[in-house]
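Asks: The following block contains the structure, expressed as structure tokens.
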Amino acid sequence: MPGTPVRPPARLQAATTSGKPILLRLDMQAGHGMGSTATQRNAMTADIYSFLLWQMGKSALKE
């Protein structure tokens, strides 16, 4: 079922009273193996930080 991974986050989003978005991250390269590669961990960390910064109103890096 292609829609299965998004059902729990959709329910969480519907149940929240804050009106703020939630982060759903799918890694199509992930498997059932020994864990994540360094590249996958770095990509996940970058996604989390960019989501947090977006929610705090930071839209661009300052030089």
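Letters for chains follow the order of the structure tokens (A, B, ...), residue numbers begin at 1 for each chain, and ligand numbers begin at 1 in the order shown.
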Which of chain A counts as alpha helix (DSSP H) under DSSP, as a PyMOL selection string please?

Replies: chain A and resi 7-15+38-55

Asks: Show me, as a list in words, the residues that have an atom within 10 Å of A:Ser59 when counting only C-alpha atoms, minus same-chain residues fewer than 5 positions from it.

Replies: Ser50, Leu53 and Trp54 of chain A

Asks: Export all heavy atoms of the chosen residues as a CSV table (one decimal), in the first residue's frame?

Replies:
```
chain,number,residue,atom,x,y,z
A,50,SER,N,16.8,22.1,9.1
A,50,SER,CA,16.2,23.0,8.2
A,50,SER,C,14.7,23.1,8.5
A,50,SER,O,14.1,24.2,8.5
A,50,SER,CB,16.3,22.6,6.7
A,50,SER,OG,15.7,21.3,6.5
A,53,LEU,N,14.7,25.4,11.7
A,53,LEU,CA,14.9,26.8,11.4
A,53,LEU,C,13.8,27.4,10.6
A,53,LEU,O,13.4,28.6,10.9
A,53,LEU,CB,16.2,26.9,10.5
A,53,LEU,CG,17.5,26.6,11.3
A,53,LEU,CD1,18.7,26.4,10.4
A,53,LEU,CD2,17.8,27.7,12.4
A,54,TRP,N,13.1,26.6,9.8
A,54,TRP,CA,11.9,27.2,9.0
A,54,TRP,C,10.8,27.5,10.0
A,54,TRP,O,10.2,28.5,9.9
A,54,TRP,CB,11.5,26.1,8.0
A,54,TRP,CG,10.1,26.4,7.4
A,54,TRP,CD1,9.8,27.5,6.7
A,54,TRP,CD2,9.0,25.6,7.5
A,54,TRP,NE1,8.5,27.4,6.2
A,54,TRP,CE2,8.0,26.2,6.7
A,54,TRP,CE3,8.7,24.3,8.0
A,54,TRP,CZ2,6.7,25.7,6.6
A,54,TRP,CZ3,7.4,23.8,7.9
A,54,TRP,CH2,6.5,24.5,7.2
```

Asks: What is the atom CA of A:Phe51-atom CA of A:His32 distance in Å, reported with one decimal?

Replies: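 Separation of atom CA of A:Phe51 and atom CA of A:His32: 25.9 Å.
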
Asks: With distances taken over only C-alpha atoms, which of A:Gly35, A:Gln55, A:Ala46, A:Gln40 is nearest to A:Ile22?

Replies: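 Distance minimum relative to A:Ile22 lands on A:Gln55.
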